[in-house]
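Reviewing the structure listed below.
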Amino acid sequence: MKKESLIQARKAYEIESQCITEMLEYFDEAAFSKAVELLKGAGRIGCTGCGHSGIICQHFAHLMCCIERPAKFISPAEAVHGGTGFLQKGDVCLFASRGGKTKELLPILDICKAKGVSVITVTENLDSPLAKGADAVLKQHVNRETDKYNCQGTTSSTSLAVIFHALQAALIEETDYKNEQFALIHPGGAVGERLNK
């Protein structure tokens with residue numbers, strides 16, 4: 001392996017750890033509390049995003065299901081072809097868009113508003129359409145991506161995942177979710193074996 005390759009690999013650790021540390025400076029307690037209340041009160045939770053954001057949204061949907069908050073990733077392509085039928089009045093849809101202007105997501109925002117679905121947006125751009133149309137906005141922070149061209153969705157994916165992890169951690173407390181409940185729905189794998197001893 002080239003020496004430069006190892007240097008770049010080590011830098012990836014440094015860049016992402018720095019990002020996570022800096023994220024606390026942008027933590028808005030009021031906005032975060034509002035998002036948690038919306039998620040806590042929702043019958044169902046949808047989440048949507050494109051590219052890397054969409055992939056991390058799939059992780060968010062699974063995190064919610066793991067604490068028995070019914071959730072589903074809604075593909076932006078399917079959303080405007082009936083996929084938003086999953087969402088009903090009183091539900092919540094979370095949008096993830098670093099720039100807050102992802103054109104594929106804007107029609108979904110309109111549908112949510114028309115159906116009485118609450119909106120949470122995670123974005124760096126607080127002046128963006130997706131932020132302005134949200135009931136709660138969580139500020140995303142990205143120092144830079146880990147590749148030398150600062151283009152790949154690396155650090156931005158990590159920062160988004162950390163926000164989602166924080167939401168789940170808070171919801172576990174707010175809903176008094178018990179490990180015994182998780183044991184019932186997670187009998188598989190090493191975790192399931194440990195939980196169900």
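Numbering starts fresh at 1 for the residues of each chain in the structure tokens, the chains themselves are lettered A, B, ... in the order given, and ligands are numbered from 1 as they appear.
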(request) Determine, counting only C-alpha atoms, which protein, DNA and RNA residues have an atom within 9 Å of an atom of Cys66 in chain A; residues of the same chain fewer than 5 positions away are not included. Present the result as number ranges by chain. (result) A: 61, 182, 185-186
Let me see the file: selected residues, N, CA and C atoms, as a PDB file, in the first residue's frame.
```
ATOM      1  N   ALA A  61     -35.037   4.179  10.286  1.00  0.00           N
ATOM      2  CA  ALA A  61     -36.294   3.433  10.360  1.00  0.00           C
ATOM      3  C   ALA A  61     -36.111   2.156  11.181  1.00  0.00           C
ATOM      4  N   PHE A 182     -37.117  -5.348  24.117  1.00  0.00           N
ATOM      5  CA  PHE A 182     -36.216  -5.562  22.995  1.00  0.00           C
ATOM      6  C   PHE A 182     -35.866  -7.039  22.861  1.00  0.00           C
ATOM      7  N   ILE A 185     -38.398  -8.963  20.708  1.00  0.00           N
ATOM      8  CA  ILE A 185     -38.381  -8.756  19.255  1.00  0.00           C
ATOM      9  C   ILE A 185     -36.999  -8.988  18.640  1.00  0.00           C
ATOM     10  N   HIS A 186     -36.007  -9.303  19.482  1.00  0.00           N
ATOM     11  CA  HIS A 186     -34.650  -9.526  18.975  1.00  0.00           C
ATOM     12  C   HIS A 186     -34.086 -10.836  19.522  1.00  0.00           C
TER      13      HIS A 186
END
```
Could you build a table of the residues in range 26-70 of chain A lying no more than 8 Å from range 137-150 of chain A, giving for each the nearest pair of atoms and their separation in Å rounded to one decimal place, using only C-alpha atoms, ordered by chain and ascending residue number, as CSV?
```
residue,atom,partner,partner_atom,distance
A:Tyr26,CA,A:Lys139,CA,6.5
A:Phe27,CA,A:Lys139,CA,7.2
A:Asp28,CA,A:Leu138,CA,7.4
A:Ala31,CA,A:Val137,CA,6.2
A:Phe32,CA,A:Leu138,CA,6.5
A:Ala35,CA,A:Val137,CA,7.7
```
Print the selection's residues with N, CA and C atoms to a file, as a CSV table (one decimal), in the first residue's frame.
```
chain,number,residue,atom,x,y,z
A,26,TYR,N,-23.6,22.7,17.9
A,26,TYR,CA,-24.7,23.0,17.1
A,26,TYR,C,-26.0,22.4,17.7
A,27,PHE,N,-25.9,21.7,18.8
A,27,PHE,CA,-27.0,21.0,19.4
A,27,PHE,C,-28.0,22.0,20.0
A,28,ASP,N,-29.2,22.0,19.4
A,28,ASP,CA,-30.3,23.0,19.8
A,28,ASP,C,-31.3,22.2,20.7
A,31,ALA,N,-35.1,22.5,19.7
A,31,ALA,CA,-35.5,21.9,18.5
A,31,ALA,C,-35.4,20.4,18.6
A,32,PHE,N,-34.4,19.9,19.3
A,32,PHE,CA,-34.3,18.4,19.6
A,32,PHE,C,-35.5,17.9,20.4
A,35,ALA,N,-38.5,17.6,18.2
A,35,ALA,CA,-38.4,16.5,17.4
A,35,ALA,C,-38.8,15.2,18.1
```
Could you please write out, as an mmCIF file with N, CA and C atoms, in the first residue's frame, every residue of chain A that DSSP assigns to strand (DSSP E)?
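Saved to result_3.cif:
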```cif
data_model
loop_
_atom_site.group_PDB
_atom_site.id
_atom_site.type_symbol
_atom_site.label_atom_id
_atom_site.label_comp_id
_atom_site.auth_asym_id
_atom_site.auth_seq_id
_atom_site.Cartn_x
_atom_site.Cartn_y
_atom_site.Cartn_z
ATOM 1 N N ILE A 45 -43.994 6.513 11.691
ATOM 2 C CA ILE A 45 -42.897 7.412 11.335
ATOM 3 C C ILE A 45 -42.394 7.046 9.945
ATOM 4 N N GLY A 46 -42.399 8.026 9.065
ATOM 5 C CA GLY A 46 -41.784 7.848 7.755
ATOM 6 C C GLY A 46 -40.463 8.592 7.746
ATOM 7 N N CYS A 47 -39.556 8.188 6.905
ATOM 8 C CA CYS A 47 -38.316 8.956 6.738
ATOM 9 C C CYS A 47 -37.881 8.832 5.287
ATOM 10 N N THR A 48 -37.282 9.909 4.801
ATOM 11 C CA THR A 48 -36.933 9.933 3.386
ATOM 12 C C THR A 48 -35.699 10.780 3.129
ATOM 13 N N GLY A 49 -34.960 10.405 2.123
ATOM 14 C CA GLY A 49 -33.761 11.123 1.714
ATOM 15 C C GLY A 49 -33.205 10.457 0.474
ATOM 16 N N ALA A 71 -41.981 2.343 11.924
ATOM 17 C CA ALA A 71 -41.318 3.269 11.006
ATOM 18 C C ALA A 71 -41.003 2.593 9.686
ATOM 19 N N LYS A 72 -40.889 3.424 8.663
ATOM 20 C CA LYS A 72 -40.624 2.906 7.316
ATOM 21 C C LYS A 72 -39.851 3.946 6.515
ATOM 22 N N PHE A 73 -38.851 3.481 5.766
ATOM 23 C CA PHE A 73 -38.177 4.351 4.804
ATOM 24 C C PHE A 73 -39.066 4.483 3.581
ATOM 25 N N VAL A 92 -45.573 11.302 11.509
ATOM 26 C CA VAL A 92 -44.394 12.154 11.323
ATOM 27 C C VAL A 92 -43.583 11.640 10.145
ATOM 28 N N CYS A 93 -43.048 12.556 9.366
ATOM 29 C CA CYS A 93 -42.086 12.196 8.323
ATOM 30 C C CYS A 93 -40.799 12.975 8.564
ATOM 31 N N LEU A 94 -39.684 12.262 8.619
ATOM 32 C CA LEU A 94 -38.379 12.887 8.796
ATOM 33 C C LEU A 94 -37.684 12.981 7.441
ATOM 34 N N PHE A 95 -37.209 14.168 7.124
ATOM 35 C CA PHE A 95 -36.487 14.425 5.877
ATOM 36 C C PHE A 95 -35.014 14.644 6.196
ATOM 37 N N ALA A 96 -34.141 14.007 5.443
ATOM 38 C CA ALA A 96 -32.706 14.219 5.599
ATOM 39 C C ALA A 96 -32.141 14.753 4.291
ATOM 40 N N SER A 118 -46.764 15.737 10.423
ATOM 41 C CA SER A 118 -45.710 16.609 10.956
ATOM 42 C C SER A 118 -44.379 16.296 10.284
ATOM 43 N N VAL A 119 -43.535 17.321 10.169
ATOM 44 C CA VAL A 119 -42.279 17.179 9.444
ATOM 45 C C VAL A 119 -41.090 17.540 10.344
ATOM 46 N N ILE A 120 -40.106 16.665 10.340
ATOM 47 C CA ILE A 120 -38.809 16.928 10.966
ATOM 48 C C ILE A 120 -37.783 16.947 9.845
ATOM 49 N N THR A 121 -36.971 17.978 9.802
ATOM 50 C CA THR A 121 -35.927 18.053 8.780
ATOM 51 C C THR A 121 -34.558 18.099 9.444
ATOM 52 N N VAL A 122 -33.645 17.291 8.934
ATOM 53 C CA VAL A 122 -32.245 17.330 9.351
ATOM 54 C C VAL A 122 -31.449 17.892 8.183
ATOM 55 N N THR A 123 -30.796 19.035 8.403
ATOM 56 C CA THR A 123 -30.097 19.720 7.313
ATOM 57 C C THR A 123 -29.045 20.671 7.858
ATOM 58 N N ALA A 136 -40.003 20.875 13.016
ATOM 59 C CA ALA A 136 -38.791 20.851 13.840
ATOM 60 C C ALA A 136 -37.598 20.670 12.912
ATOM 61 N N VAL A 137 -36.553 21.448 13.154
ATOM 62 C CA VAL A 137 -35.358 21.379 12.313
ATOM 63 C C VAL A 137 -34.152 21.050 13.182
ATOM 64 N N LEU A 138 -33.432 19.989 12.813
ATOM 65 C CA LEU A 138 -32.221 19.606 13.512
ATOM 66 C C LEU A 138 -31.027 19.968 12.644
ATOM 67 N N LYS A 139 -30.153 20.771 13.196
ATOM 68 C CA LYS A 139 -28.989 21.267 12.463
ATOM 69 C C LYS A 139 -27.937 20.170 12.312
#
```
(request) Please indicate the distance in Å from CA of Pro70 in chain A to CA of Leu87 in chain A, rounded to one decimal place. (result)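 Value for the CA of Pro70 in chain A-CA of Leu87 in chain A distance: 11.2 Å.
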(request) Between A:Leu105, A:Met23, A:Ala12, A:Met64, single out the one closest to Ala42 in chain A, counting only C-alpha atoms. (result)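 Ranking A:Leu105, A:Met23, A:Ala12, A:Met64 by distance to Ala42 in chain A, first place goes to A:Met64.
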(request) Name the closest residue to Gln18 in chain A among the candidates A:Gly43, A:Ser159, A:Lys197, A:Ile172; distances are taken between atoms, counting only C-alpha atoms. (result)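 Closest to Gln18 in chain A of all the choices is A:Ser159.
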(request) Would you work out the distance separating CA of Gly51 in chain A from CA of Val80 in chain A, expressed in Å to one decimal? (result)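 Spanning CA of Gly51 in chain A to CA of Val80 in chain A is a straight-line distance of 17.0 Å.
Of the residues listed (A:Val117, A:Ile67, A:Leu38, A:Cys50), A:Cys50 shows the shortest atom-to-atom separation from Glu104 in chain A; distances use only C-alpha atoms.
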(request) Can you list, as an NGL selection string, all residues belonging to range 71-141 of chain A that DSSP tags as helix (DSSP H, G or I)? (result) :A and (76-79 or 83-86 or 106-115 or 129-132)
Selection export as a PDB file, in the first residue's frame, atoms kept: N, CA and C atoms:
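Below is the file again-v9.pdb, written as the result:
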```
ATOM      1  N   PRO A  76     -37.896   8.199  -2.220  1.00  0.00           N
ATOM      2  CA  PRO A  76     -38.372   9.394  -2.924  1.00  0.00           C
ATOM      3  C   PRO A  76     -39.021   9.067  -4.264  1.00  0.00           C
ATOM      4  N   ALA A  77     -38.530   8.033  -4.931  1.00  0.00           N
ATOM      5  CA  ALA A  77     -39.110   7.645  -6.225  1.00  0.00           C
ATOM      6  C   ALA A  77     -40.509   7.075  -6.051  1.00  0.00           C
ATOM      7  N   GLU A  78     -40.704   6.279  -4.989  1.00  0.00           N
ATOM      8  CA  GLU A  78     -42.002   5.660  -4.755  1.00  0.00           C
ATOM      9  C   GLU A  78     -42.983   6.601  -4.062  1.00  0.00           C
ATOM     10  N   ALA A  79     -42.441   7.583  -3.342  1.00  0.00           N
ATOM     11  CA  ALA A  79     -43.288   8.479  -2.540  1.00  0.00           C
ATOM     12  C   ALA A  79     -44.337   9.188  -3.383  1.00  0.00           C
ATOM     13  N   GLY A  83     -46.479   5.940  -2.430  1.00  0.00           N
ATOM     14  CA  GLY A  83     -45.765   5.516  -1.227  1.00  0.00           C
ATOM     15  C   GLY A  83     -46.097   6.323   0.014  1.00  0.00           C
ATOM     16  N   THR A  84     -46.530   7.563  -0.180  1.00  0.00           N
ATOM     17  CA  THR A  84     -46.878   8.406   0.967  1.00  0.00           C
ATOM     18  C   THR A  84     -48.225   8.018   1.571  1.00  0.00           C
ATOM     19  N   GLY A  85     -48.900   7.042   0.976  1.00  0.00           N
ATOM     20  CA  GLY A  85     -50.126   6.527   1.565  1.00  0.00           C
ATOM     21  C   GLY A  85     -49.884   5.856   2.905  1.00  0.00           C
ATOM     22  N   PHE A  86     -48.630   5.510   3.187  1.00  0.00           N
ATOM     23  CA  PHE A  86     -48.264   4.962   4.499  1.00  0.00           C
ATOM     24  C   PHE A  86     -48.529   5.970   5.604  1.00  0.00           C
ATOM     25  N   LEU A 106     -39.059  17.732  -2.297  1.00  0.00           N
ATOM     26  CA  LEU A 106     -40.000  18.853  -2.156  1.00  0.00           C
ATOM     27  C   LEU A 106     -41.461  18.452  -2.386  1.00  0.00           C
ATOM     28  N   PRO A 107     -41.772  17.614  -3.382  1.00  0.00           N
ATOM     29  CA  PRO A 107     -43.176  17.188  -3.528  1.00  0.00           C
ATOM     30  C   PRO A 107     -43.672  16.378  -2.329  1.00  0.00           C
ATOM     31  N   ILE A 108     -42.771  15.637  -1.685  1.00  0.00           N
ATOM     32  CA  ILE A 108     -43.156  14.841  -0.511  1.00  0.00           C
ATOM     33  C   ILE A 108     -43.508  15.773   0.643  1.00  0.00           C
ATOM     34  N   LEU A 109     -42.773  16.867   0.762  1.00  0.00           N
ATOM     35  CA  LEU A 109     -43.074  17.873   1.787  1.00  0.00           C
ATOM     36  C   LEU A 109     -44.481  18.427   1.576  1.00  0.00           C
ATOM     37  N   ASP A 110     -44.813  18.724   0.332  1.00  0.00           N
ATOM     38  CA  ASP A 110     -46.156  19.244   0.019  1.00  0.00           C
ATOM     39  C   ASP A 110     -47.241  18.236   0.391  1.00  0.00           C
ATOM     40  N   ILE A 111     -46.996  16.962   0.111  1.00  0.00           N
ATOM     41  CA  ILE A 111     -47.966  15.919   0.437  1.00  0.00           C
ATOM     42  C   ILE A 111     -48.159  15.833   1.949  1.00  0.00           C
ATOM     43  N   CYS A 112     -47.068  15.872   2.680  1.00  0.00           N
ATOM     44  CA  CYS A 112     -47.149  15.801   4.147  1.00  0.00           C
ATOM     45  C   CYS A 112     -47.972  16.954   4.701  1.00  0.00           C
ATOM     46  N   LYS A 113     -47.744  18.131   4.190  1.00  0.00           N
ATOM     47  CA  LYS A 113     -48.472  19.304   4.668  1.00  0.00           C
ATOM     48  C   LYS A 113     -49.968  19.166   4.372  1.00  0.00           C
ATOM     49  N   ALA A 114     -50.289  18.668   3.191  1.00  0.00           N
ATOM     50  CA  ALA A 114     -51.685  18.515   2.799  1.00  0.00           C
ATOM     51  C   ALA A 114     -52.394  17.443   3.632  1.00  0.00           C
ATOM     52  N   LYS A 115     -51.631  16.440   4.096  1.00  0.00           N
ATOM     53  CA  LYS A 115     -52.224  15.332   4.852  1.00  0.00           C
ATOM     54  C   LYS A 115     -52.209  15.550   6.364  1.00  0.00           C
ATOM     55  N   PRO A 129     -35.757  25.304   1.772  1.00  0.00           N
ATOM     56  CA  PRO A 129     -37.193  24.986   1.716  1.00  0.00           C
ATOM     57  C   PRO A 129     -37.601  23.865   2.667  1.00  0.00           C
ATOM     58  N   LEU A 130     -36.772  22.822   2.786  1.00  0.00           N
ATOM     59  CA  LEU A 130     -37.124  21.703   3.658  1.00  0.00           C
ATOM     60  C   LEU A 130     -37.056  22.105   5.134  1.00  0.00           C
ATOM     61  N   ALA A 131     -36.194  23.048   5.456  1.00  0.00           N
ATOM     62  CA  ALA A 131     -36.113  23.549   6.834  1.00  0.00           C
ATOM     63  C   ALA A 131     -37.294  24.460   7.140  1.00  0.00           C
ATOM     64  N   LYS A 132     -37.581  25.355   6.223  1.00  0.00           N
ATOM     65  CA  LYS A 132     -38.666  26.315   6.447  1.00  0.00           C
ATOM     66  C   LYS A 132     -40.033  25.641   6.487  1.00  0.00           C
TER      67      LYS A 132
END
```
